[in-house]
file work.cif (mmCIF, C-alpha atoms)
data_upload
#
loop_
_atom_site.label_atom_id
_atom_site.label_comp_id
_atom_site.auth_asym_id
_atom_site.auth_seq_id
_atom_site.Cartn_x
_atom_site.Cartn_y
_atom_site.Cartn_z
CA MET A 590 -3.93 -6.53 20.74
CA HIS A 591 -2.76 -6.71 17.13
CA PRO A 592 -2.11 -3.16 15.87
CA PHE A 593 -4.64 -3.45 13.06
CA SER A 594 -7.41 -5.16 15.05
CA ARG A 595 -8.71 -2.07 16.78
CA TYR A 596 -10.75 -0.60 13.95
CA ALA A 597 -14.48 -0.83 14.72
CA VAL A 598 -17.68 0.59 13.29
CA LEU A 599 -19.65 2.47 15.88
CA GLY A 600 -23.29 2.66 16.90
CA ALA A 601 -26.18 1.79 14.62
CA LEU A 602 -23.89 1.71 11.58
CA ALA A 603 -22.36 -1.53 12.85
CA LEU A 604 -25.78 -3.20 12.87
CA SER A 605 -26.27 -2.55 9.17
CA LEU A 606 -22.91 -3.90 7.97
CA PRO A 607 -21.95 -7.44 6.94
CA ALA A 608 -20.46 -9.48 9.77
CA ALA A 609 -17.01 -9.40 8.16
CA ALA A 610 -17.07 -5.72 7.17
CA ALA A 611 -13.78 -3.94 7.85
CA ASP A 612 -12.09 -0.62 7.30
CA TRP A 613 -9.27 -0.34 4.78
CA SER A 614 -7.47 2.41 6.63
CA PHE A 615 -3.90 1.52 5.60
CA ILE A 616 -2.55 1.13 2.06
CA HIS A 617 -2.09 -2.62 2.61
CA GLY A 618 -5.39 -3.20 4.36
CA PRO A 619 -6.52 -3.95 7.93
CA LYS A 620 -3.74 -6.50 8.63
CA GLY A 621 -1.04 -4.81 6.58
CA ASP A 622 -0.76 -7.79 4.20
CA GLY A 623 -2.99 -6.68 1.32
CA SER A 624 -5.94 -8.85 2.39
CA SER A 625 -9.52 -8.10 3.40
CA PRO A 626 -11.69 -10.29 5.69
CA GLU A 627 -14.84 -9.32 3.80
CA LYS A 628 -17.07 -11.34 1.48
CA ILE A 629 -17.92 -9.67 -1.82
CA GLY A 630 -20.23 -10.36 -4.74
CA LYS A 631 -18.45 -12.24 -7.49
CA THR A 632 -21.14 -12.11 -10.19
CA TRP A 633 -21.00 -8.70 -11.84
CA PRO A 634 -23.40 -7.27 -14.44
CA ALA A 635 -22.09 -6.91 -17.99
CA SER A 636 -21.80 -3.17 -17.35
CA GLY A 637 -19.75 -3.80 -14.21
CA PRO A 638 -20.53 -3.33 -10.51
CA LYS A 639 -22.95 -0.57 -9.53
CA VAL A 640 -21.20 2.82 -9.32
CA LEU A 641 -22.12 4.53 -6.06
CA TRP A 642 -20.04 7.55 -6.95
CA LYS A 643 -17.32 8.71 -9.30
CA VAL A 644 -15.56 12.06 -8.90
CA PRO A 645 -12.59 13.90 -10.43
CA SER A 646 -9.39 13.15 -8.49
CA GLU A 647 -6.45 14.64 -10.31
CA GLY A 648 -2.79 13.85 -10.08
CA GLY A 649 -0.49 11.17 -8.77
CA PHE A 650 -0.81 7.63 -7.53
CA SER A 651 -2.01 8.01 -3.95
CA CYS A 652 -4.49 5.30 -2.91
CA LEU A 653 -7.84 5.73 -1.23
CA VAL A 654 -8.00 4.57 2.39
CA VAL A 655 -11.34 4.15 4.14
CA SER A 656 -12.43 4.25 7.78
CA GLY A 657 -16.06 4.54 8.79
CA LYS A 658 -17.58 7.42 6.85
CA VAL A 659 -14.26 8.85 5.62
CA ALA A 660 -12.33 8.04 2.45
CA ALA A 661 -9.05 9.92 2.00
CA CYS A 662 -6.20 10.26 -0.49
CA LEU A 663 -3.65 12.77 -1.73
CA GLU A 664 -4.18 14.79 -4.90
CA TRP A 665 -2.12 17.36 -6.82
CA ARG A 666 -3.91 20.68 -7.18
CA ASP A 667 -3.20 24.31 -7.97
CA VAL A 668 -3.09 26.18 -4.67
CA ASP A 669 -2.05 29.84 -4.45
CA GLY A 670 -0.45 29.69 -7.90
CA ALA A 671 1.61 26.56 -7.31
CA LYS A 672 1.14 22.81 -7.65
CA GLN A 673 0.67 21.37 -4.18
CA GLU A 674 -0.01 18.02 -2.61
CA VAL A 675 -3.35 18.19 -0.85
CA LEU A 676 -5.02 15.78 1.54
CA VAL A 677 -8.63 15.27 0.48
CA ALA A 678 -11.16 13.75 2.89
CA ARG A 679 -14.42 12.58 1.30
CA ASN A 680 -17.67 11.13 2.50
CA ALA A 681 -17.19 7.41 1.88
CA ASP A 682 -20.89 7.01 0.98
CA THR A 683 -21.22 9.88 -1.50
CA GLY A 684 -17.71 10.97 -2.56
CA LYS A 685 -18.48 14.54 -1.47
CA GLU A 686 -15.49 16.51 -0.20
CA LEU A 687 -15.54 16.96 3.56
CA TRP A 688 -12.39 19.06 3.69
CA VAL A 689 -9.12 19.66 1.82
CA LYS A 690 -5.74 20.54 3.37
CA PRO A 691 -2.70 21.67 1.33
CA LEU A 692 0.59 19.98 2.24
CA GLY A 693 2.86 22.41 0.42
CA PRO A 694 4.44 22.83 -3.03
CA VAL A 695 6.49 19.88 -4.29
CA LYS A 696 8.21 18.78 -7.49
CA PHE A 697 8.12 15.05 -8.19
CA ASP A 698 11.06 14.78 -10.62
CA GLY A 699 8.94 13.48 -13.49
CA GLY A 700 8.80 9.78 -14.23
CA GLY A 701 5.02 9.66 -14.11
CA ASP A 702 4.54 9.90 -17.87
CA SER A 703 6.37 7.82 -20.47
CA GLY A 704 4.40 9.32 -23.33
CA THR A 705 2.68 6.06 -24.28
CA PRO A 706 -1.13 6.03 -24.30
CA THR A 707 -1.40 3.50 -21.47
CA ASN A 708 1.19 5.22 -19.33
CA SER A 709 0.22 8.85 -19.97
CA GLY A 710 -1.44 10.92 -17.30
CA GLY A 711 1.09 13.13 -15.58
CA ASP A 712 2.79 13.22 -12.22
CA GLY A 713 1.83 13.83 -8.60
CA PRO A 714 1.83 12.43 -5.06
CA ARG A 715 2.99 8.86 -4.53
CA SER A 716 2.24 8.43 -0.83
CA SER A 717 -1.07 7.38 0.73
CA PRO A 718 -2.61 8.48 4.04
CA THR A 719 -3.23 6.20 7.01
CA ILE A 720 -6.38 6.59 9.13
CA ASP A 721 -6.36 5.57 12.78
CA GLY A 722 -9.26 6.32 15.06
CA SER A 723 -10.03 10.02 14.91
CA HIS A 724 -6.94 11.10 12.96
CA ILE A 725 -5.42 10.85 9.49
CA TYR A 726 -1.63 10.58 9.21
CA VAL A 727 0.29 11.66 6.11
CA THR A 728 3.95 11.68 5.13
CA SER A 729 4.22 14.18 2.30
CA GLY A 730 6.50 13.94 -0.71
CA LYS A 731 8.89 16.28 1.11
CA LEU A 732 8.94 14.09 4.25
CA VAL A 733 6.66 16.17 6.44
CA LEU A 734 4.70 13.90 8.78
CA THR A 735 1.36 15.37 9.91
CA SER A 736 -1.52 14.20 12.07
CA PHE A 737 -4.88 15.68 11.00
CA ASP A 738 -8.18 15.57 12.83
CA ALA A 739 -10.32 13.30 10.63
CA THR A 740 -13.48 15.33 11.24
CA THR A 741 -12.21 18.88 10.78
CA GLY A 742 -8.83 18.60 9.06
CA ALA A 743 -7.16 20.57 11.86
CA VAL A 744 -3.47 19.81 12.37
CA ALA A 745 -2.90 17.95 15.63
CA TRP A 746 0.90 17.77 15.30
CA GLN A 747 3.58 17.85 12.62
CA HIS A 748 7.25 16.98 12.07
CA ASP A 749 9.48 18.00 9.16
CA LEU A 750 11.86 15.04 8.95
CA ILE A 751 14.34 16.92 6.79
CA LYS A 752 14.57 20.00 8.99
CA GLU A 753 14.20 18.34 12.39
CA TYR A 754 15.93 14.99 11.84
CA GLU A 755 18.40 15.64 8.99
CA GLY A 756 16.16 13.66 6.67
CA ARG A 757 17.35 12.40 3.30
CA ASN A 758 14.74 12.22 0.55
CA ILE A 759 15.00 10.26 -2.69
CA GLN A 760 14.29 10.77 -6.38
CA TRP A 761 10.56 11.08 -7.13
CA GLN A 762 10.11 12.01 -3.45
CA ASN A 763 8.58 9.96 -0.65
CA ALA A 764 6.03 7.29 -1.61
CA ALA A 765 5.79 5.31 1.65
CA ALA A 766 2.70 5.52 3.84
CA PRO A 767 3.11 6.05 7.59
CA LEU A 768 2.55 2.85 9.57
CA ILE A 769 0.44 2.91 12.75
CA ASP A 770 1.53 0.19 15.17
CA GLY A 771 -0.17 0.26 18.54
CA ASP A 772 0.30 3.76 19.92
CA LEU A 773 3.13 4.66 17.55
CA VAL A 774 3.56 6.09 14.05
CA LEU A 775 6.57 4.56 12.26
CA VAL A 776 8.36 6.16 9.30
CA ALA A 777 11.72 6.07 7.52
CA GLY A 778 13.55 9.06 6.09
CA GLY A 779 15.60 10.56 8.92
CA GLY A 780 19.33 11.18 8.85
CA PRO A 781 22.33 9.35 10.38
CA GLY A 782 21.46 7.78 13.73
CA LYS A 783 17.78 8.57 13.27
CA SER A 784 16.86 7.05 9.91
CA LEU A 785 13.89 5.17 11.38
CA LEU A 786 11.59 7.10 13.67
CA ALA A 787 8.62 6.29 15.88
CA PHE A 788 6.33 9.01 17.21
CA LYS A 789 3.53 8.75 19.74
CA LYS A 790 0.39 9.05 17.67
CA SER A 791 -1.44 10.96 20.42
CA ASP A 792 0.86 13.98 20.63
CA GLY A 793 3.71 13.47 18.15
CA GLN A 794 6.40 13.07 20.78
CA LEU A 795 9.44 11.08 19.62
CA ALA A 796 9.33 7.56 21.10
CA TRP A 797 12.56 6.26 19.55
CA SER A 798 14.91 6.75 16.61
CA GLY A 799 17.94 4.95 15.27
CA PHE A 800 20.03 3.50 12.45
CA ASP A 801 21.95 5.04 9.57
CA GLU A 802 19.87 3.83 6.64
CA LYS A 803 18.70 5.36 3.38
CA MET A 804 14.99 5.08 2.65
CA THR A 805 13.20 3.64 -0.38
CA HIS A 806 9.68 4.12 -1.75
CA ALA A 807 8.45 0.95 -0.01
CA THR A 808 5.94 1.08 2.86
CA PRO A 809 7.02 -1.05 5.86
CA THR A 810 5.26 -4.33 6.61
CA PRO A 811 3.82 -5.16 10.07
CA THR A 812 3.90 -8.87 10.85
CA SER A 813 4.56 -11.65 13.33
CA ILE A 814 7.42 -14.11 12.74
CA LEU A 815 8.17 -17.01 15.07
CA GLY A 816 5.87 -15.57 17.70
CA LYS A 817 7.43 -12.09 17.69
CA HIS A 818 5.55 -9.03 16.48
CA GLN A 819 7.81 -6.91 14.28
CA VAL A 820 7.94 -4.40 11.45
CA VAL A 821 9.99 -5.07 8.32
CA PHE A 822 11.44 -2.04 6.53
CA PHE A 823 12.71 -2.38 2.94
CA LEU A 824 15.67 0.01 2.82
CA GLN A 825 18.51 0.63 0.39
CA SER A 826 20.64 -1.85 2.37
CA GLY A 827 17.88 -4.48 2.18
CA LEU A 828 15.37 -5.76 4.72
CA LEU A 829 15.62 -4.61 8.33
CA SER A 830 13.23 -5.97 10.95
CA VAL A 831 12.74 -4.06 14.19
CA ASP A 832 10.73 -4.33 17.38
CA PRO A 833 8.25 -1.48 16.82
CA LYS A 834 7.98 -0.68 20.55
CA THR A 835 11.69 -0.10 21.09
CA GLY A 836 13.36 0.15 17.68
CA THR A 837 15.61 -2.79 18.53
CA GLU A 838 17.05 -4.55 15.49
CA LEU A 839 15.84 -8.15 15.15
CA TRP A 840 17.34 -9.33 11.84
CA ARG A 841 18.61 -8.19 8.43
CA TYR A 842 18.62 -9.52 4.88
CA PRO A 843 21.01 -7.63 2.53
CA PHE A 844 19.44 -6.85 -0.83
CA LYS A 845 20.61 -4.86 -3.84
CA TYR A 846 19.26 -1.37 -4.48
CA ALA A 847 19.11 0.38 -7.86
CA VAL A 848 17.15 3.56 -8.68
CA SER A 849 13.92 2.68 -6.80
CA THR A 850 12.56 -0.03 -4.52
CA ALA A 851 8.79 0.37 -4.17
CA ALA A 852 7.07 -2.97 -3.48
CA SER A 853 6.71 -3.89 0.19
CA PRO A 854 8.05 -7.15 1.69
CA VAL A 855 5.63 -10.09 1.89
CA VAL A 856 5.74 -12.47 4.88
CA ALA A 857 4.78 -16.16 4.66
CA GLY A 858 5.35 -17.72 8.07
CA ASP A 859 9.13 -17.62 8.52
CA ILE A 860 9.79 -16.74 4.85
CA VAL A 861 10.06 -13.11 3.74
CA TYR A 862 9.90 -12.28 0.02
CA CYS A 863 11.08 -9.00 -1.52
CA SER A 864 11.62 -7.64 -5.01
CA ALA A 865 12.48 -4.54 -7.02
CA GLY A 866 12.68 -3.37 -10.62
CA TYR A 867 15.58 -1.82 -12.51
CA ASN A 868 17.21 -5.22 -13.11
CA VAL A 869 17.38 -6.00 -9.39
CA GLY A 870 14.93 -8.91 -9.29
CA ALA A 871 13.53 -10.93 -6.41
CA GLY A 872 14.67 -12.96 -3.45
CA ALA A 873 13.50 -14.56 -0.24
CA CYS A 874 14.99 -15.33 3.12
CA LYS A 875 14.11 -17.76 5.90
CA VAL A 876 14.05 -16.27 9.38
CA SER A 877 15.33 -18.40 12.27
CA LYS A 878 15.41 -17.88 16.03
CA ASN A 879 17.94 -19.18 18.54
CA GLY A 880 16.80 -18.22 22.01
CA GLU A 881 15.98 -14.53 21.62
CA THR A 882 18.31 -14.01 18.66
CA PHE A 883 16.91 -13.81 15.14
CA SER A 884 18.77 -14.35 11.86
CA ALA A 885 17.85 -14.49 8.17
CA THR A 886 19.25 -16.85 5.53
CA GLU A 887 18.64 -16.46 1.80
CA ILE A 888 16.72 -19.35 0.22
CA TYR A 889 16.60 -18.09 -3.38
CA ARG A 890 17.55 -15.14 -5.52
CA PHE A 891 16.49 -14.30 -9.08
CA PRO A 892 18.43 -11.30 -10.44
CA GLY A 893 17.13 -9.30 -13.39
CA ASN A 894 13.70 -8.15 -14.48
CA LYS A 895 12.47 -11.70 -15.18
CA PRO A 896 10.96 -13.87 -13.90
CA LEU A 897 9.99 -12.14 -10.66
CA ALA A 898 10.65 -8.40 -10.59
CA ASN A 899 7.98 -6.27 -8.92
CA HIS A 900 8.32 -2.67 -10.06
CA TRP A 901 5.98 -1.18 -7.45
CA SER A 902 3.23 -3.81 -7.26
CA THR A 903 3.26 -5.65 -3.92
CA PRO A 904 2.08 -9.30 -4.28
CA VAL A 905 -0.38 -10.92 -1.88
CA LEU A 906 -0.13 -14.34 -0.25
CA SER A 907 -2.71 -17.12 -0.28
CA ASN A 908 -2.00 -20.71 0.82
CA GLY A 909 1.72 -20.48 0.21
CA LYS A 910 1.41 -18.81 -3.18
CA LEU A 911 2.19 -15.24 -4.19
CA TYR A 912 -0.22 -13.56 -6.59
CA GLY A 913 0.89 -10.32 -8.14
CA LEU A 914 1.93 -8.24 -11.12
CA PHE A 915 5.48 -9.42 -11.74
CA GLN A 916 6.91 -7.12 -14.39
CA PHE A 917 9.07 -4.09 -15.07
CA LYS A 918 7.78 -1.30 -17.31
CA GLU A 919 5.51 -3.66 -19.25
CA TYR A 920 2.80 -1.01 -19.44
CA GLY A 921 -0.58 -2.37 -20.45
CA ASP A 922 0.69 -5.90 -20.95
CA GLY A 923 2.61 -7.03 -17.84
CA PRO A 924 1.44 -10.38 -16.45
CA LEU A 925 -0.40 -11.49 -13.36
CA LYS A 926 1.51 -14.47 -11.96
CA CYS A 927 1.06 -17.16 -9.35
CA VAL A 928 4.39 -17.96 -7.67
CA ASP A 929 5.35 -20.52 -5.02
CA VAL A 930 6.73 -18.37 -2.18
CA ALA A 931 9.03 -21.13 -0.87
CA THR A 932 10.83 -21.74 -4.18
CA GLY A 933 10.09 -18.82 -6.49
CA LYS A 934 8.63 -21.19 -9.07
CA VAL A 935 6.06 -19.60 -11.40
CA GLU A 936 2.89 -21.74 -11.37
CA TRP A 937 1.06 -19.76 -14.08
CA GLU A 938 0.93 -16.33 -15.66
CA LYS A 939 -1.54 -14.26 -17.65
CA LYS A 940 -0.49 -11.17 -19.60
CA GLY A 941 -2.51 -8.01 -20.13
CA PHE A 942 -2.41 -6.12 -16.81
CA GLY A 943 0.64 -3.83 -16.65
CA PRO A 944 2.01 -2.32 -13.44
CA GLY A 945 -1.21 -1.96 -11.49
CA GLN A 946 -1.92 -3.48 -8.05
CA VAL A 947 -3.58 -6.48 -6.41
CA ILE A 948 -5.34 -7.29 -3.13
CA LEU A 949 -6.77 -10.52 -1.68
CA VAL A 950 -10.47 -10.74 -0.83
CA ASP A 951 -12.88 -13.63 -0.35
CA GLY A 952 -10.55 -16.26 -1.82
CA HIS A 953 -9.94 -14.15 -4.92
CA ILE A 954 -7.34 -11.78 -6.29
CA LEU A 955 -8.76 -8.34 -7.09
CA VAL A 956 -6.55 -6.79 -9.76
CA LEU A 957 -6.59 -3.14 -10.84
CA SER A 958 -4.74 -2.96 -14.16
CA ASP A 959 -2.80 0.13 -15.13
CA ALA A 960 -5.45 0.87 -17.79
CA GLY A 961 -8.36 0.90 -15.29
CA ASP A 962 -9.71 -2.64 -15.63
CA LEU A 963 -10.89 -4.24 -12.40
CA VAL A 964 -10.52 -8.02 -12.63
CA LEU A 965 -11.52 -10.70 -10.14
CA VAL A 966 -9.40 -13.86 -10.38
CA LYS A 967 -9.72 -17.04 -8.33
CA ALA A 968 -6.74 -17.55 -5.98
CA THR A 969 -5.76 -21.01 -7.19
CA PRO A 970 -2.34 -22.34 -8.25
CA THR A 971 -3.77 -24.70 -10.86
CA GLU A 972 -4.52 -22.18 -13.61
CA TYR A 973 -5.66 -18.62 -14.32
CA GLN A 974 -9.40 -18.50 -13.62
CA GLU A 975 -11.02 -15.13 -14.33
CA VAL A 976 -14.33 -14.65 -12.52
CA ALA A 977 -15.37 -11.09 -13.38
CA ARG A 978 -14.07 -8.02 -15.21
CA ALA A 979 -15.09 -4.39 -15.70
CA THR A 980 -13.48 -1.17 -16.92
CA VAL A 981 -14.01 1.24 -14.02
CA LEU A 982 -11.58 4.15 -14.39
CA ALA A 983 -10.06 6.45 -16.99
CA GLY A 984 -6.46 7.55 -16.60
CA LYS A 985 -3.43 5.71 -15.29
CA CYS A 986 -3.96 3.32 -12.37
CA TRP A 987 -0.84 2.52 -10.38
CA GLY A 988 -2.49 2.57 -6.95
CA THR A 989 -3.94 -0.16 -4.75
CA PRO A 990 -7.73 -0.64 -4.63
CA ALA A 991 -9.50 -0.92 -1.27
CA VAL A 992 -12.41 -3.05 -0.09
CA SER A 993 -14.61 -1.82 2.76
CA ASN A 994 -18.24 -2.46 3.73
CA GLY A 995 -19.11 -4.38 0.55
CA ARG A 996 -17.58 -1.70 -1.67
CA ILE A 997 -14.50 -1.35 -3.83
CA TYR A 998 -12.73 2.01 -3.78
CA ALA A 999 -10.21 2.75 -6.53
CA ARG A 1000 -8.42 5.72 -8.02
CA SER A 1001 -6.51 6.75 -11.14
CA THR A 1002 -4.58 9.88 -12.06
CA LYS A 1003 -7.90 11.41 -13.18
CA GLU A 1004 -10.76 10.13 -11.02
CA ALA A 1005 -11.87 8.13 -8.01
CA VAL A 1006 -14.70 5.59 -7.90
CA CYS A 1007 -16.74 3.67 -5.35
CA LEU A 1008 -18.38 0.43 -6.53
CA GLU A 1009 -20.96 -1.66 -4.73
CA VAL A 1010 -20.15 -5.41 -4.60
CA PRO A 1011 -22.21 -6.79 -1.68
CA SER A 1012 -22.02 -10.51 -1.07
CA THR A 1013 -25.15 -12.62 -1.35
CA GLN A 1014 -26.35 -14.45 1.72
CA ALA A 1015 -25.45 -17.75 0.08
CA SER A 1016 -21.81 -16.80 -0.45
CA ARG A 1017 -21.15 -15.81 3.17
#
call {"tool": "encode", "arguments": {"input": "work.cif", "output": "structure tokens"}}
result
Amino acid sequence: MHPFSRYAVLGALALSLPAAAADWSFIHGPKGDGSSPEKIGKTWPASGPKVLWKVPSEGGFSCLVVSGKVAACLEWRDVDGAKQEVLVARNADTGKELWVKPLGPVKFDGGGDSGTPTNSGGDGPRSSPTIDGSHIYVTSGKLVLTSFDATTGAVAWQHDLIKEYEGRNIQWQNAAAPLIDGDLVLVAGGGPGKSLLAFKKSDGQLAWSGFDEKMTHATPTPTSILGKHQVVFFLQSGLLSVDPKTGTELWRYPFKYAVSTAASPVVAGDIVYCSAGYNVGAGACKVSKNGETFSATEIYRFPGNKPLANHWSTPVLSNGKLYGLFQFKEYGDGPLKCVDVATGKVEWEKKGFGPGQVILVDGHILVLSDAGDLVLVKATPTEYQEVARATVLAGKCWGTPAVSNGRIYARSTKEAVCLEVPSTQASR
């Protein structure tokens, strides 16, 4: 069974949902590639989609993840006289808080506020939770991995990667979400010989560890390449693919690191694309297999912040084309681009989005700009075709939106919103 195919809606609730309804319980969606299987409404009122709820949600860039009746994210709140990361679980239908659990005081090293109007809004948590079955998994800014009961918030198990595994954090603290693959929870951040770690999600027991790698802010990508299920980590040495069951190395692609790597790798068949800001740029490799031995060969490389740098916005793939926010610190104005994944050629671009995020749903790119505009764009390489647009959030929006059960969930540094975008019968 594919690790992201097990999510199901139970009981009578399942009867009331669209046939293609799915949870968005991981930052990059049900398949880990930024796509949703759902159909959504593409004709929006002039005032925007119907707001089911909007609530204050202060601090940081953590994204909402949704499973069944639970929507969860990290916030930055005053707890016992200190700023702490907190895990907030909400009712996905109403936005009402179900429970809140502090994760401990943390300092995020600034960087979340350039002082410009579009980019103002403060600092806070960068990482997002992952929901799997009855539990919510969080890797805090200080590299503490915790499994919480999704109903009560009780701690099921916990590991401090710094104290227990000689973990090495990075500037601005951890931003990667824990990855659930089968029965395991995979994270980076340990020390020499145990940089990558896999824990049994049921009880937190260590399943395997290995490598001497330094982490980045990028969340790993689950995928299948040439018939082999694997997980691709984007580390300071570059891409490293492992067998998630055993931790066995499958292949590597060396890639430059400078300051921060935050966008996740994107897989297109046997091609893997990756990119970073800070004048690093983008590249892609082609993965080959000889018997049981894998290797990766670079097919293109574009150094510098143009044309293809992704600061922290992970592109999505549709029919051989990448769609994403390719820019570096172009706040409020960075472009959405369509790029041929096999060559790196830019097919078209449209400015005016900044370093927000994109997902793929119903043949369209759903863009959340850094200024809080939600824009629906047709996924076509011929030209930029905008289908719908609405301003939905105040504050700075650097996080990924989610689609679940005919709704869009999105968050800024100030608030969280749930919008209703059900598909019509004709569009299914």
call {"tool": "residues_near_point", "arguments": {"input": "work.cif", "point": "(-5.9, 4.0, -1.1)", "cutoff": "10 Å", "atoms": "all atoms listed in the file", "output": "ChimeraX atom specification"}}
result
/A:613-618,650-655,660-663,716-719,988-992,998-1000
call {"tool": "closest_residue", "arguments": {"input": "work.cif", "among": "A:Leu955, A:Ile997, A:Ala871, A:Val928", "to": "Pro970 of chain A", "atoms": "all atoms listed in the file"}}
result
A:Val928
call {"tool": "atom_distance", "arguments": {"input": "work.cif", "atom1": "atom CA of Leu676 of chain A", "atom2": "atom CA of Leu692 of chain A"}}
result
7.0 Å
call {"tool": "atom_distance", "arguments": {"input": "work.cif", "atom1": "atom CA of Pro896 of chain A", "atom2": "atom CA of Gly872 of chain A"}}
result
11.1 Å
call {"tool": "closest_residue", "arguments": {"input": "work.cif", "among": "A:Val1006, A:Gln760, A:Lys985, A:Thr980", "to": "Ser636 of chain A", "atoms": "only C-alpha atoms"}}
result
A:Thr980
call {"tool": "resolve_selection", "arguments": {"input": "work.cif", "expression": "the PyMOL selection byres ((chain A and resi 1003) around 7)", "output": "PyMOL selection string"}}
result
chain A and resi 645-648+983-984+1001-1002+1004
call {"tool": "residues_around", "arguments": {"input": "work.cif", "residues": "Ser902 of chain A", "least_positions_apart": "6", "cutoff": "9 Å", "atoms": "all atoms listed in the file", "output": "PDB file with C-alpha atoms, in the coordinates of the input"}}
result
ATOM      1  CA  ALA A 851       8.790   0.370  -4.170  1.00  0.00           C
ATOM      2  CA  ALA A 852       7.070  -2.970  -3.480  1.00  0.00           C
ATOM      3  CA  SER A 853       6.710  -3.890   0.190  1.00  0.00           C
ATOM      4  CA  GLY A 913       0.890 -10.320  -8.140  1.00  0.00           C
ATOM      5  CA  LEU A 914       1.930  -8.240 -11.120  1.00  0.00           C
ATOM      6  CA  PHE A 915       5.480  -9.420 -11.740  1.00  0.00           C
ATOM      7  CA  GLN A 916       6.910  -7.120 -14.390  1.00  0.00           C
ATOM      8  CA  PRO A 944       2.010  -2.320 -13.440  1.00  0.00           C
ATOM      9  CA  GLY A 945      -1.210  -1.960 -11.490  1.00  0.00           C
ATOM     10  CA  GLN A 946      -1.920  -3.480  -8.050  1.00  0.00           C
ATOM     11  CA  VAL A 947      -3.580  -6.480  -6.410  1.00  0.00           C
ATOM     12  CA  TRP A 987      -0.840   2.520 -10.380  1.00  0.00           C
ATOM     13  CA  GLY A 988      -2.490   2.570  -6.950  1.00  0.00           C
ATOM     14  CA  THR A 989      -3.940  -0.160  -4.750  1.00  0.00           C
TER      15      THR A 989
END
call {"tool": "resolve_selection", "arguments": {"input": "work.cif", "expression": "the PyMOL selection byres ((chain A and resi 751) around 10)", "output": "NGL selection string"}}
result
:A and (731-733 or 748-750 or 752-758 or 778-780)
call {"tool": "resolve_selection", "arguments": {"input": "work.cif", "expression": "the PyMOL selection byres ((chain A and resi 631) around 9)", "output": "list in words"}}
result
Ile629, Gly630, Thr632, Trp633, Leu965, Val976, Ala977, Val1010, Pro1011 and Ser1012 of chain A
call {"tool": "atom_distance", "arguments": {"input": "work.cif", "atom1": "atom CA of Gly649 of chain A", "atom2": "atom CA of Phe697 of chain A"}}
result
9.5 Å
call {"tool": "residues_near_point", "arguments": {"input": "work.cif", "point": "(8.4, 2.2, 18.4)", "cutoff": "6 Å", "atoms": "all atoms listed in the file", "output": "list in words"}}
result
Leu773, Ala787, Trp797, Pro833, Lys834, Thr835 and Gly836 of chain A
call {"tool": "axis_aligned_box", "arguments": {"input": "work.cif", "around": "segment 918-933 of chain A", "padding_each_side": "6 Å", "output": "JSON"}}
result
{"center_x": 5.1, "center_y": -11.4, "center_z": -10.9, "size_x": 23.4, "size_y": 32.7, "size_z": 32.1}
call {"tool": "residues_around", "arguments": {"input": "work.cif", "residues": "segment 801-814 of chain A", "least_positions_apart": "5", "cutoff": "8 Å", "atoms": "only C-alpha atoms", "output": "ChimeraX atom specification"}}
result
/A:620-622,757-759,763-768,770,777-778,780-785,819-826,849-856,858-859,876
call {"tool": "closest_residue", "arguments": {"input": "work.cif", "among": "A:Ile720, A:Ala678, A:Ala865, A:Val668", "to": "Pro694 of chain A", "atoms": "only C-alpha atoms"}}
result
A:Val668
call {"tool": "closest_residue", "arguments": {"input": "work.cif", "among": "A:Ala885, A:Val659, A:Ala611, A:Leu982", "to": "Tyr862 of chain A", "atoms": "all atoms listed in the file"}}
result
A:Ala885
call {"tool": "closest_residue", "arguments": {"input": "work.cif", "among": "A:Glu881, A:Asp792, A:Asp962, A:Asp929", "to": "Ile860 of chain A", "atoms": "all atoms listed in the file"}}
result
A:Asp929
call {"tool": "closest_residue", "arguments": {"input": "work.cif", "among": "A:Asp832, A:Glu686, A:Asp959, A:Glu674", "to": "Gly742 of chain A", "atoms": "all atoms listed in the file"}}
result
A:Glu686
call {"tool": "residues_around", "arguments": {"input": "work.cif", "residues": "Gly923 of chain A", "least_positions_apart": "4", "cutoff": "6 Å", "atoms": "only C-alpha atoms", "output": "ChimeraX atom specification"}}
result
/A:916,919,940-943
call {"tool": "residues_around", "arguments": {"input": "work.cif", "residues": "segment 842-847 of chain A", "least_positions_apart": "5", "cutoff": "8 Å", "atoms": "only C-alpha atoms", "output": "MDAnalysis selection string"}}
result
chainID A and resid 825:829 865:869 874 885:887
call {"tool": "residues_around", "arguments": {"input": "work.cif", "residues": "Val905 of chain A", "least_positions_apart": "4", "cutoff": "7 Å", "atoms": "all atoms listed in the file", "output": "number ranges by chain"}}
result
A: 622-623, 911-913, 948-949
